[in-house]
file final.pdb (PDB, C-alpha atoms, pLDDT in the B column)
ATOM      1  CA  MET A   1       0.000   0.000   0.000  1.00 83.00           C
ATOM      2  CA  ARG A   2       2.819   2.395   0.910  1.00 82.00           C
ATOM      3  CA  GLN A   3       4.601   1.750  -2.403  1.00 84.00           C
ATOM      4  CA  ALA A   4       1.391   2.440  -4.308  1.00 75.00           C
ATOM      5  CA  LEU A   5       0.988   5.789  -2.537  1.00 74.00           C
ATOM      6  CA  ILE A   6       4.583   6.716  -3.343  1.00 83.00           C
ATOM      7  CA  LEU A   7       4.100   5.817  -7.020  1.00 75.00           C
ATOM      8  CA  VAL A   8       0.863   7.796  -7.238  1.00 69.00           C
ATOM      9  CA  SER A   9       2.539  10.778  -5.568  1.00 72.00           C
ATOM     10  CA  LEU A  10       5.446  10.641  -8.014  1.00 72.00           C
ATOM     11  CA  THR A  11       3.091  10.595 -11.012  1.00 77.00           C
ATOM     12  CA  PHE A  12       1.569  13.901  -9.904  1.00 70.00           C
ATOM     13  CA  LEU A  13       4.914  15.726  -9.610  1.00 70.00           C
ATOM     14  CA  PRO A  14       5.301  16.611 -13.337  1.00 75.00           C
ATOM     15  CA  GLY A  15       1.725  17.902 -13.478  1.00 68.00           C
ATOM     16  CA  ILE A  16       2.185  20.001 -10.373  1.00 72.00           C
ATOM     17  CA  GLY A  17       5.454  21.361 -11.759  1.00 67.00           C
ATOM     18  CA  GLN A  18       3.778  22.351 -15.037  1.00 69.00           C
ATOM     19  CA  ALA A  19       0.874  23.965 -13.210  1.00 65.00           C
ATOM     20  CA  ILE A  20       3.275  26.084 -11.194  1.00 69.00           C
ATOM     21  CA  TYR A  21       5.487  26.967 -14.166  1.00 64.00           C
ATOM     22  CA  PHE A  22       2.609  27.861 -16.520  1.00 59.00           C
ATOM     23  CA  ARG A  23       0.279  29.444 -13.934  1.00 58.00           C
ATOM     24  CA  ASP A  24       0.520  32.899 -15.534  1.00 54.00           C
ATOM     25  CA  LYS A  25      -0.079  31.612 -19.053  1.00 53.00           C
ATOM     26  CA  VAL A  26      -3.507  30.066 -18.469  1.00 51.00           C
ATOM     27  CA  SER A  27      -6.020  32.290 -20.267  1.00 48.00           C
ATOM     28  CA  TRP A  28      -8.857  31.861 -17.771  1.00 46.00           C
ATOM     29  CA  GLN A  29      -6.629  33.215 -15.029  1.00 42.00           C
ATOM     30  CA  SER A  30      -5.737  36.379 -16.921  1.00 50.00           C
ATOM     31  CA  PRO A  31      -8.722  37.501 -18.992  1.00 66.00           C
ATOM     32  CA  VAL A  32      -8.520  40.671 -20.999  1.00 70.00           C
ATOM     33  CA  PRO A  33     -10.368  43.480 -19.192  1.00 76.00           C
ATOM     34  CA  ALA A  34     -13.492  44.660 -20.998  1.00 74.00           C
ATOM     35  CA  SER A  35     -11.893  48.073 -21.467  1.00 76.00           C
ATOM     36  CA  GLU A  36      -9.175  46.441 -23.587  1.00 89.00           C
ATOM     37  CA  MET A  37     -11.578  44.489 -25.816  1.00 92.00           C
ATOM     38  CA  VAL A  38     -13.119  45.885 -28.984  1.00 95.00           C
ATOM     39  CA  THR A  39     -15.867  44.577 -31.244  1.00 95.00           C
ATOM     40  CA  VAL A  40     -15.527  44.376 -35.013  1.00 95.00           C
ATOM     41  CA  ALA A  41     -18.033  47.234 -35.412  1.00 95.00           C
ATOM     42  CA  GLN A  42     -16.121  49.495 -32.997  1.00 95.00           C
ATOM     43  CA  ALA A  43     -12.783  48.784 -34.650  1.00 95.00           C
ATOM     44  CA  ARG A  44     -14.205  49.367 -38.122  1.00 94.00           C
ATOM     45  CA  ALA A  45     -15.626  52.705 -36.959  1.00 96.00           C
ATOM     46  CA  TRP A  46     -12.078  53.812 -36.127  1.00 96.00           C
ATOM     47  CA  GLY A  47     -11.244  53.517 -39.830  1.00 93.00           C
ATOM     48  CA  GLY A  48      -7.775  54.851 -40.623  1.00 92.00           C
ATOM     49  CA  LYS A  49      -7.124  55.581 -36.960  1.00 95.00           C
ATOM     50  CA  ALA A  50      -6.646  51.856 -36.325  1.00 96.00           C
ATOM     51  CA  ILE A  51      -3.738  49.554 -37.066  1.00 96.00           C
ATOM     52  CA  TRP A  52      -4.766  45.917 -37.406  1.00 97.00           C
ATOM     53  CA  VAL A  53      -2.286  43.381 -36.041  1.00 97.00           C
ATOM     54  CA  ASP A  54      -2.598  39.715 -37.014  1.00 97.00           C
ATOM     55  CA  ALA A  55      -1.164  37.527 -34.242  1.00 96.00           C
ATOM     56  CA  ARG A  56      -1.847  34.255 -36.066  1.00 95.00           C
ATOM     57  CA  PRO A  57       0.906  32.041 -37.488  1.00 95.00           C
ATOM     58  CA  ASP A  58       2.442  33.142 -40.800  1.00 94.00           C
ATOM     59  CA  ALA A  59       0.664  30.460 -42.849  1.00 94.00           C
ATOM     60  CA  GLU A  60      -2.760  31.650 -41.671  1.00 94.00           C
ATOM     61  CA  PHE A  61      -1.850  35.280 -42.340  1.00 95.00           C
ATOM     62  CA  GLU A  62      -0.723  34.403 -45.865  1.00 95.00           C
ATOM     63  CA  GLN A  63      -4.030  32.619 -46.575  1.00 96.00           C
ATOM     64  CA  ASP A  64      -6.156  35.633 -45.650  1.00 95.00           C
ATOM     65  CA  HIS A  65      -6.174  38.557 -43.217  1.00 95.00           C
ATOM     66  CA  VAL A  66      -7.850  41.865 -42.505  1.00 94.00           C
ATOM     67  CA  SER A  67      -6.995  44.245 -45.327  1.00 93.00           C
ATOM     68  CA  GLY A  68      -3.952  46.287 -44.342  1.00 93.00           C
ATOM     69  CA  ALA A  69      -3.181  44.146 -41.288  1.00 95.00           C
ATOM     70  CA  VAL A  70       0.408  43.830 -40.110  1.00 96.00           C
ATOM     71  CA  PRO A  71       1.676  40.371 -39.086  1.00 97.00           C
ATOM     72  CA  LEU A  72       3.097  40.217 -35.556  1.00 97.00           C
ATOM     73  CA  ASN A  73       3.206  36.836 -33.871  1.00 94.00           C
ATOM     74  CA  GLU A  74       5.081  35.258 -30.999  1.00 92.00           C
ATOM     75  CA  ASP A  75       7.171  33.005 -33.251  1.00 92.00           C
ATOM     76  CA  ARG A  76       8.794  35.932 -35.073  1.00 94.00           C
ATOM     77  CA  TRP A  77       8.312  38.698 -32.498  1.00 95.00           C
ATOM     78  CA  ASN A  78      11.873  40.089 -32.670  1.00 95.00           C
ATOM     79  CA  GLU A  79      11.838  40.143 -36.462  1.00 96.00           C
ATOM     80  CA  LEU A  80       8.314  41.531 -36.947  1.00 96.00           C
ATOM     81  CA  LEU A  81       8.148  44.117 -34.146  1.00 96.00           C
ATOM     82  CA  PRO A  82      10.424  46.658 -35.887  1.00 95.00           C
ATOM     83  CA  GLN A  83       8.318  46.333 -39.071  1.00 92.00           C
ATOM     84  CA  PHE A  84       5.170  46.984 -37.030  1.00 94.00           C
ATOM     85  CA  LEU A  85       6.672  50.007 -35.272  1.00 94.00           C
ATOM     86  CA  VAL A  86       7.330  51.636 -38.663  1.00 92.00           C
ATOM     87  CA  THR A  87       3.553  51.699 -39.281  1.00 90.00           C
ATOM     88  CA  TRP A  88       2.603  52.710 -35.719  1.00 93.00           C
ATOM     89  CA  SER A  89       1.995  56.255 -34.521  1.00 93.00           C
ATOM     90  CA  PRO A  90       0.805  57.461 -31.084  1.00 93.00           C
ATOM     91  CA  GLU A  91      -2.578  58.723 -32.284  1.00 94.00           C
ATOM     92  CA  LYS A  92      -3.533  55.315 -33.709  1.00 95.00           C
ATOM     93  CA  ARG A  93      -5.320  52.494 -31.924  1.00 97.00           C
ATOM     94  CA  VAL A  94      -3.902  48.996 -32.240  1.00 97.00           C
ATOM     95  CA  VAL A  95      -6.375  46.140 -32.787  1.00 97.00           C
ATOM     96  CA  VAL A  96      -4.830  42.694 -32.269  1.00 97.00           C
ATOM     97  CA  TYR A  97      -6.602  39.559 -33.428  1.00 96.00           C
ATOM     98  CA  CYS A  98      -5.942  35.848 -33.713  1.00 94.00           C
ATOM     99  CA  SER A  99      -8.045  32.897 -34.839  1.00 91.00           C
ATOM    100  CA  SER A 100     -10.914  32.971 -32.346  1.00 86.00           C
ATOM    101  CA  GLN A 101     -12.080  34.165 -28.951  1.00 76.00           C
ATOM    102  CA  SER A 102     -10.344  31.220 -27.269  1.00 77.00           C
ATOM    103  CA  CYS A 103      -7.018  31.945 -28.983  1.00 84.00           C
ATOM    104  CA  ASN A 104      -4.420  33.338 -26.592  1.00 88.00           C
ATOM    105  CA  ALA A 105      -2.031  34.721 -29.230  1.00 92.00           C
ATOM    106  CA  SER A 106      -3.831  38.067 -29.493  1.00 94.00           C
ATOM    107  CA  ARG A 107      -3.832  38.486 -25.716  1.00 93.00           C
ATOM    108  CA  GLU A 108      -0.132  37.738 -25.500  1.00 94.00           C
ATOM    109  CA  VAL A 109       0.840  40.020 -28.399  1.00 95.00           C
ATOM    110  CA  ALA A 110      -1.308  42.828 -26.947  1.00 95.00           C
ATOM    111  CA  ARG A 111       0.301  42.346 -23.540  1.00 94.00           C
ATOM    112  CA  ARG A 112       3.791  42.482 -25.026  1.00 95.00           C
ATOM    113  CA  LEU A 113       2.969  45.585 -27.059  1.00 96.00           C
ATOM    114  CA  LYS A 114       1.845  47.311 -23.865  1.00 95.00           C
ATOM    115  CA  ASP A 115       4.562  46.002 -21.550  1.00 93.00           C
ATOM    116  CA  GLU A 116       7.625  45.702 -23.770  1.00 93.00           C
ATOM    117  CA  ALA A 117       6.969  48.295 -26.473  1.00 93.00           C
ATOM    118  CA  GLN A 118       5.231  50.638 -23.998  1.00 94.00           C
ATOM    119  CA  LEU A 119       2.321  51.323 -26.374  1.00 95.00           C
ATOM    120  CA  LYS A 120      -1.025  52.729 -25.328  1.00 93.00           C
ATOM    121  CA  ASN A 121      -4.416  52.145 -26.973  1.00 95.00           C
ATOM    122  CA  VAL A 122      -3.876  48.437 -27.621  1.00 96.00           C
ATOM    123  CA  PHE A 123      -7.059  46.384 -27.932  1.00 96.00           C
ATOM    124  CA  VAL A 124      -7.912  42.723 -28.495  1.00 96.00           C
ATOM    125  CA  LEU A 125     -10.580  41.989 -31.107  1.00 95.00           C
ATOM    126  CA  GLN A 126     -13.512  40.238 -29.498  1.00 93.00           C
ATOM    127  CA  GLY A 127     -14.117  36.942 -31.308  1.00 92.00           C
ATOM    128  CA  GLY A 128     -10.939  37.272 -33.347  1.00 93.00           C
ATOM    129  CA  TRP A 129     -10.644  36.306 -37.007  1.00 93.00           C
ATOM    130  CA  GLU A 130     -13.786  34.153 -36.803  1.00 93.00           C
ATOM    131  CA  GLU A 131     -15.848  37.179 -35.791  1.00 93.00           C
ATOM    132  CA  TRP A 132     -14.267  39.275 -38.562  1.00 92.00           C
ATOM    133  CA  LEU A 133     -15.259  36.636 -41.126  1.00 92.00           C
ATOM    134  CA  LYS A 134     -18.853  36.600 -39.832  1.00 91.00           C
ATOM    135  CA  SER A 135     -19.039  40.377 -40.150  1.00 89.00           C
ATOM    136  CA  ARG A 136     -18.036  40.273 -43.830  1.00 79.00           C
ATOM    137  CA  LYS A 137     -21.170  38.331 -44.784  1.00 67.00           C
TER
END
call {"tool": "encode", "arguments": {"input": "final.pdb", "output": "structure tokens"}}
result
Amino acid sequence: MRQALILVSLTFLPGIGQAIYFRDKVSWQSPVPASEMVTVAQARAWGGKAIWVDARPDAEFEQDHVSGAVPLNEDRWNELLPQFLVTWSPEKRVVVYCSSQSCNASREVARRLKDEAQLKNVFVLQGGWEEWLKSRK
């Protein structure tokens, strides 16, 4: 019985370690505040005062994206950030989107733009690319 308890305890160690290591990366623990979310209609109303940022992987961006969107994803952050900053200006609002509402890429890119690039007026598109596609119909 004692050996079984030891074995069961040892099987939980990797899971506990991952839970501790990734605790800040779980989306349900760090939702985007409502003030930092924007609907498709709101973002469209901003017109030329908005910069669209596609946080999806390169292959998805190449297939289709919001017209005029700039690619900026986690995989190529260091390479793509300078290209994005060329298009950015302080009076513009940044709208970041990824595949869907449950996608964390847009949240992470928006967070990095605010924290690392020190940008203001960064928003996450509610519903992401899926919502954009629905709005085009």
call {"tool": "residues_around", "arguments": {"input": "final.pdb", "residues": "Glu108 in chain A", "least_positions_apart": "5", "cutoff": "10 Å", "atoms": "only C-alpha atoms", "output": "VMD selection string"}}
result
chain A and resid 25 27 32 55 73 to 74 96 103 113 to 114 124
call {"tool": "resolve_selection", "arguments": {"input": "final.pdb", "expression": "the PyMOL selection byres ((chain A and resi 120) around 9)", "output": "ChimeraX atom specification"}}
result
/A:90,93-94,113-114,118-119,121-122
call {"tool": "closest_residue", "arguments": {"input": "final.pdb", "among": "A:Val66, A:Leu85, A:Met1, A:Leu13", "to": "Val40 in chain A", "atoms": "all atoms listed in the file"}}
result
A:Val66
call {"tool": "resolve_selection", "arguments": {"input": "final.pdb", "expression": "the PyMOL selection byres ((chain A and resi 81) around 12)", "output": "PyMOL selection string"}}
result
chain A and resi 53-55+70-80+82-88+109-110+112-113+116-117
call {"tool": "resolve_selection", "arguments": {"input": "final.pdb", "expression": "the PyMOL selection byres ((chain A and resi 47-51) around 6)", "output": "number ranges by chain"}}
result
A: 44-46, 52, 92-94
call {"tool": "write_last_selection", "arguments": {"input": "final.pdb", "atoms": "C-alpha atoms", "output": "short mmCIF file (atom, residue, chain, number, x, y, z; two decimals), keeping the file's coordinate frame"}}
result
data_model
loop_
_atom_site.label_atom_id
_atom_site.label_comp_id
_atom_site.auth_asym_id
_atom_site.auth_seq_id
_atom_site.Cartn_x
_atom_site.Cartn_y
_atom_site.Cartn_z
CA ARG A 44 -14.20 49.37 -38.12
CA ALA A 45 -15.63 52.70 -36.96
CA TRP A 46 -12.08 53.81 -36.13
CA TRP A 52 -4.77 45.92 -37.41
CA LYS A 92 -3.53 55.32 -33.71
CA ARG A 93 -5.32 52.49 -31.92
CA VAL A 94 -3.90 49.00 -32.24
#
call {"tool": "atom_distance", "arguments": {"input": "final.pdb", "atom1": "CA of Glu130 in chain A", "atom2": "CA of Gln101 in chain A"}}
result
8.0 Å
call {"tool": "closest_residue", "arguments": {"input": "final.pdb", "among": "A:Ala105, A:Ala43, A:Val95, A:Met37", "to": "Pro57 in chain A", "atoms": "all atoms listed in the file"}}
result
A:Ala105
call {"tool": "closest_residue", "arguments": {"input": "final.pdb", "among": "A:Asp115, A:Gln63, A:Ser35, A:Ala41", "to": "Lys134 in chain A", "atoms": "only C-alpha atoms"}}
result
A:Ala41
call {"tool": "axis_aligned_box", "arguments": {"input": "final.pdb", "around": "range 50-66 of chain A", "padding_each_side": "6 Å", "output": "JSON"}}
result
{"center_x": -2.7, "center_y": 41.2, "center_z": -40.4, "size_x": 22.3, "size_y": 33.4, "size_z": 24.3}
call {"tool": "atom_distance", "arguments": {"input": "final.pdb", "atom1": "CA of Pro33 in chain A", "atom2": "CA of Ser102 in chain A"}}
result
14.7 Å
call {"tool": "residues_around", "arguments": {"input": "final.pdb", "residues": "range 126-129 of chain A", "least_positions_apart": "3", "cutoff": "7 Å", "atoms": "all atoms listed in the file", "output": "list in words"}}
result
Met37, Val38, Thr39, Tyr97, Cys98, Ser99, Ser100, Gln101, Trp132 and Leu133 of chain A
call {"tool": "atom_distance", "arguments": {"input": "final.pdb", "atom1": "CA of Glu36 in chain A", "atom2": "CA of Glu60 in chain A"}}
result
24.2 Å
call {"tool": "closest_residue", "arguments": {"input": "final.pdb", "among": "A:Leu10, A:Arg2, A:Glu91, A:Ser67", "to": "Arg136 in chain A", "atoms": "all atoms listed in the file"}}
result
A:Ser67
call {"tool": "closest_residue", "arguments": {"input": "final.pdb", "among": "A:Ala34, A:Ala59, A:Ser89, A:Leu5", "to": "Leu125 in chain A", "atoms": "all atoms listed in the file"}}
result
A:Ala34
call {"tool": "decode", "arguments": {"input": "final.pdb", "residues": "chain A", "atoms": "C-alpha atoms", "output": "PDB file, in the first residue's frame"}}
result
ATOM      1  CA  MET A   1       0.000   0.000   0.000  1.00  0.00           C
ATOM      2  CA  ARG A   2       2.819   2.395   0.910  1.00  0.00           C
ATOM      3  CA  GLN A   3       4.601   1.750  -2.403  1.00  0.00           C
ATOM      4  CA  ALA A   4       1.391   2.440  -4.308  1.00  0.00           C
ATOM      5  CA  LEU A   5       0.988   5.789  -2.537  1.00  0.00           C
ATOM      6  CA  ILE A   6       4.583   6.716  -3.343  1.00  0.00           C
ATOM      7  CA  LEU A   7       4.100   5.817  -7.020  1.00  0.00           C
ATOM      8  CA  VAL A   8       0.863   7.796  -7.238  1.00  0.00           C
ATOM      9  CA  SER A   9       2.539  10.778  -5.568  1.00  0.00           C
ATOM     10  CA  LEU A  10       5.446  10.641  -8.014  1.00  0.00           C
ATOM     11  CA  THR A  11       3.091  10.595 -11.012  1.00  0.00           C
ATOM     12  CA  PHE A  12       1.569  13.901  -9.904  1.00  0.00           C
ATOM     13  CA  LEU A  13       4.914  15.726  -9.610  1.00  0.00           C
ATOM     14  CA  PRO A  14       5.301  16.611 -13.337  1.00  0.00           C
ATOM     15  CA  GLY A  15       1.725  17.902 -13.478  1.00  0.00           C
ATOM     16  CA  ILE A  16       2.185  20.001 -10.373  1.00  0.00           C
ATOM     17  CA  GLY A  17       5.454  21.361 -11.759  1.00  0.00           C
ATOM     18  CA  GLN A  18       3.778  22.351 -15.037  1.00  0.00           C
ATOM     19  CA  ALA A  19       0.874  23.965 -13.210  1.00  0.00           C
ATOM     20  CA  ILE A  20       3.275  26.084 -11.194  1.00  0.00           C
ATOM     21  CA  TYR A  21       5.487  26.967 -14.166  1.00  0.00           C
ATOM     22  CA  PHE A  22       2.609  27.861 -16.520  1.00  0.00           C
ATOM     23  CA  ARG A  23       0.279  29.444 -13.934  1.00  0.00           C
ATOM     24  CA  ASP A  24       0.520  32.899 -15.534  1.00  0.00           C
ATOM     25  CA  LYS A  25      -0.079  31.612 -19.053  1.00  0.00           C
ATOM     26  CA  VAL A  26      -3.507  30.066 -18.469  1.00  0.00           C
ATOM     27  CA  SER A  27      -6.020  32.290 -20.267  1.00  0.00           C
ATOM     28  CA  TRP A  28      -8.857  31.861 -17.771  1.00  0.00           C
ATOM     29  CA  GLN A  29      -6.629  33.215 -15.029  1.00  0.00           C
ATOM     30  CA  SER A  30      -5.737  36.379 -16.921  1.00  0.00           C
ATOM     31  CA  PRO A  31      -8.722  37.501 -18.992  1.00  0.00           C
ATOM     32  CA  VAL A  32      -8.520  40.671 -20.999  1.00  0.00           C
ATOM     33  CA  PRO A  33     -10.368  43.480 -19.192  1.00  0.00           C
ATOM     34  CA  ALA A  34     -13.492  44.660 -20.998  1.00  0.00           C
ATOM     35  CA  SER A  35     -11.893  48.073 -21.467  1.00  0.00           C
ATOM     36  CA  GLU A  36      -9.175  46.441 -23.587  1.00  0.00           C
ATOM     37  CA  MET A  37     -11.578  44.489 -25.816  1.00  0.00           C
ATOM     38  CA  VAL A  38     -13.119  45.885 -28.984  1.00  0.00           C
ATOM     39  CA  THR A  39     -15.867  44.577 -31.244  1.00  0.00           C
ATOM     40  CA  VAL A  40     -15.527  44.376 -35.013  1.00  0.00           C
ATOM     41  CA  ALA A  41     -18.033  47.234 -35.412  1.00  0.00           C
ATOM     42  CA  GLN A  42     -16.121  49.495 -32.997  1.00  0.00           C
ATOM     43  CA  ALA A  43     -12.783  48.784 -34.650  1.00  0.00           C
ATOM     44  CA  ARG A  44     -14.205  49.367 -38.122  1.00  0.00           C
ATOM     45  CA  ALA A  45     -15.626  52.705 -36.959  1.00  0.00           C
ATOM     46  CA  TRP A  46     -12.078  53.812 -36.127  1.00  0.00           C
ATOM     47  CA  GLY A  47     -11.244  53.517 -39.830  1.00  0.00           C
ATOM     48  CA  GLY A  48      -7.775  54.851 -40.623  1.00  0.00           C
ATOM     49  CA  LYS A  49      -7.124  55.581 -36.960  1.00  0.00           C
ATOM     50  CA  ALA A  50      -6.646  51.856 -36.325  1.00  0.00           C
ATOM     51  CA  ILE A  51      -3.738  49.554 -37.066  1.00  0.00           C
ATOM     52  CA  TRP A  52      -4.766  45.917 -37.406  1.00  0.00           C
ATOM     53  CA  VAL A  53      -2.286  43.381 -36.041  1.00  0.00           C
ATOM     54  CA  ASP A  54      -2.598  39.715 -37.014  1.00  0.00           C
ATOM     55  CA  ALA A  55      -1.164  37.527 -34.242  1.00  0.00           C
ATOM     56  CA  ARG A  56      -1.847  34.255 -36.066  1.00  0.00           C
ATOM     57  CA  PRO A  57       0.906  32.041 -37.488  1.00  0.00           C
ATOM     58  CA  ASP A  58       2.442  33.142 -40.800  1.00  0.00           C
ATOM     59  CA  ALA A  59       0.664  30.460 -42.849  1.00  0.00           C
ATOM     60  CA  GLU A  60      -2.760  31.650 -41.671  1.00  0.00           C
ATOM     61  CA  PHE A  61      -1.850  35.280 -42.340  1.00  0.00           C
ATOM     62  CA  GLU A  62      -0.723  34.403 -45.865  1.00  0.00           C
ATOM     63  CA  GLN A  63      -4.030  32.619 -46.575  1.00  0.00           C
ATOM     64  CA  ASP A  64      -6.156  35.633 -45.650  1.00  0.00           C
ATOM     65  CA  HIS A  65      -6.174  38.557 -43.217  1.00  0.00           C
ATOM     66  CA  VAL A  66      -7.850  41.865 -42.505  1.00  0.00           C
ATOM     67  CA  SER A  67      -6.995  44.245 -45.327  1.00  0.00           C
ATOM     68  CA  GLY A  68      -3.952  46.287 -44.342  1.00  0.00           C
ATOM     69  CA  ALA A  69      -3.181  44.146 -41.288  1.00  0.00           C
ATOM     70  CA  VAL A  70       0.408  43.830 -40.110  1.00  0.00           C
ATOM     71  CA  PRO A  71       1.676  40.371 -39.086  1.00  0.00           C
ATOM     72  CA  LEU A  72       3.097  40.217 -35.556  1.00  0.00           C
ATOM     73  CA  ASN A  73       3.206  36.836 -33.871  1.00  0.00           C
ATOM     74  CA  GLU A  74       5.081  35.258 -30.999  1.00  0.00           C
ATOM     75  CA  ASP A  75       7.171  33.005 -33.251  1.00  0.00           C
ATOM     76  CA  ARG A  76       8.794  35.932 -35.073  1.00  0.00           C
ATOM     77  CA  TRP A  77       8.312  38.698 -32.498  1.00  0.00           C
ATOM     78  CA  ASN A  78      11.873  40.089 -32.670  1.00  0.00           C
ATOM     79  CA  GLU A  79      11.838  40.143 -36.462  1.00  0.00           C
ATOM     80  CA  LEU A  80       8.314  41.531 -36.947  1.00  0.00           C
ATOM     81  CA  LEU A  81       8.148  44.117 -34.146  1.00  0.00           C
ATOM     82  CA  PRO A  82      10.424  46.658 -35.887  1.00  0.00           C
ATOM     83  CA  GLN A  83       8.318  46.333 -39.071  1.00  0.00           C
ATOM     84  CA  PHE A  84       5.170  46.984 -37.030  1.00  0.00           C
ATOM     85  CA  LEU A  85       6.672  50.007 -35.272  1.00  0.00           C
ATOM     86  CA  VAL A  86       7.330  51.636 -38.663  1.00  0.00           C
ATOM     87  CA  THR A  87       3.553  51.699 -39.281  1.00  0.00           C
ATOM     88  CA  TRP A  88       2.603  52.710 -35.719  1.00  0.00           C
ATOM     89  CA  SER A  89       1.995  56.255 -34.521  1.00  0.00           C
ATOM     90  CA  PRO A  90       0.805  57.461 -31.084  1.00  0.00           C
ATOM     91  CA  GLU A  91      -2.578  58.723 -32.284  1.00  0.00           C
ATOM     92  CA  LYS A  92      -3.533  55.315 -33.709  1.00  0.00           C
ATOM     93  CA  ARG A  93      -5.320  52.494 -31.924  1.00  0.00           C
ATOM     94  CA  VAL A  94      -3.902  48.996 -32.240  1.00  0.00           C
ATOM     95  CA  VAL A  95      -6.375  46.140 -32.787  1.00  0.00           C
ATOM     96  CA  VAL A  96      -4.830  42.694 -32.269  1.00  0.00           C
ATOM     97  CA  TYR A  97      -6.602  39.559 -33.428  1.00  0.00           C
ATOM     98  CA  CYS A  98      -5.942  35.848 -33.713  1.00  0.00           C
ATOM     99  CA  SER A  99      -8.045  32.897 -34.839  1.00  0.00           C
ATOM    100  CA  SER A 100     -10.914  32.971 -32.346  1.00  0.00           C
ATOM    101  CA  GLN A 101     -12.080  34.165 -28.951  1.00  0.00           C
ATOM    102  CA  SER A 102     -10.344  31.220 -27.269  1.00  0.00           C
ATOM    103  CA  CYS A 103      -7.018  31.945 -28.983  1.00  0.00           C
ATOM    104  CA  ASN A 104      -4.420  33.338 -26.592  1.00  0.00           C
ATOM    105  CA  ALA A 105      -2.031  34.721 -29.230  1.00  0.00           C
ATOM    106  CA  SER A 106      -3.831  38.067 -29.493  1.00  0.00           C
ATOM    107  CA  ARG A 107      -3.832  38.486 -25.716  1.00  0.00           C
ATOM    108  CA  GLU A 108      -0.132  37.738 -25.500  1.00  0.00           C
ATOM    109  CA  VAL A 109       0.840  40.020 -28.399  1.00  0.00           C
ATOM    110  CA  ALA A 110      -1.308  42.828 -26.947  1.00  0.00           C
ATOM    111  CA  ARG A 111       0.301  42.346 -23.540  1.00  0.00           C
ATOM    112  CA  ARG A 112       3.791  42.482 -25.026  1.00  0.00           C
ATOM    113  CA  LEU A 113       2.969  45.585 -27.059  1.00  0.00           C
ATOM    114  CA  LYS A 114       1.845  47.311 -23.865  1.00  0.00           C
ATOM    115  CA  ASP A 115       4.562  46.002 -21.550  1.00  0.00           C
ATOM    116  CA  GLU A 116       7.625  45.702 -23.770  1.00  0.00           C
ATOM    117  CA  ALA A 117       6.969  48.295 -26.473  1.00  0.00           C
ATOM    118  CA  GLN A 118       5.231  50.638 -23.998  1.00  0.00           C
ATOM    119  CA  LEU A 119       2.321  51.323 -26.374  1.00  0.00           C
ATOM    120  CA  LYS A 120      -1.025  52.729 -25.328  1.00  0.00           C
ATOM    121  CA  ASN A 121      -4.416  52.145 -26.973  1.00  0.00           C
ATOM    122  CA  VAL A 122      -3.876  48.437 -27.621  1.00  0.00           C
ATOM    123  CA  PHE A 123      -7.059  46.384 -27.932  1.00  0.00           C
ATOM    124  CA  VAL A 124      -7.912  42.723 -28.495  1.00  0.00           C
ATOM    125  CA  LEU A 125     -10.580  41.989 -31.107  1.00  0.00           C
ATOM    126  CA  GLN A 126     -13.512  40.238 -29.498  1.00  0.00           C
ATOM    127  CA  GLY A 127     -14.117  36.942 -31.308  1.00  0.00           C
ATOM    128  CA  GLY A 128     -10.939  37.272 -33.347  1.00  0.00           C
ATOM    129  CA  TRP A 129     -10.644  36.306 -37.007  1.00  0.00           C
ATOM    130  CA  GLU A 130     -13.786  34.153 -36.803  1.00  0.00           C
ATOM    131  CA  GLU A 131     -15.848  37.179 -35.791  1.00  0.00           C
ATOM    132  CA  TRP A 132     -14.267  39.275 -38.562  1.00  0.00           C
ATOM    133  CA  LEU A 133     -15.259  36.636 -41.126  1.00  0.00           C
ATOM    134  CA  LYS A 134     -18.853  36.600 -39.832  1.00  0.00           C
ATOM    135  CA  SER A 135     -19.039  40.377 -40.150  1.00  0.00           C
ATOM    136  CA  ARG A 136     -18.036  40.273 -43.830  1.00  0.00           C
ATOM    137  CA  LYS A 137     -21.170  38.331 -44.784  1.00  0.00           C
TER     138      LYS A 137
END
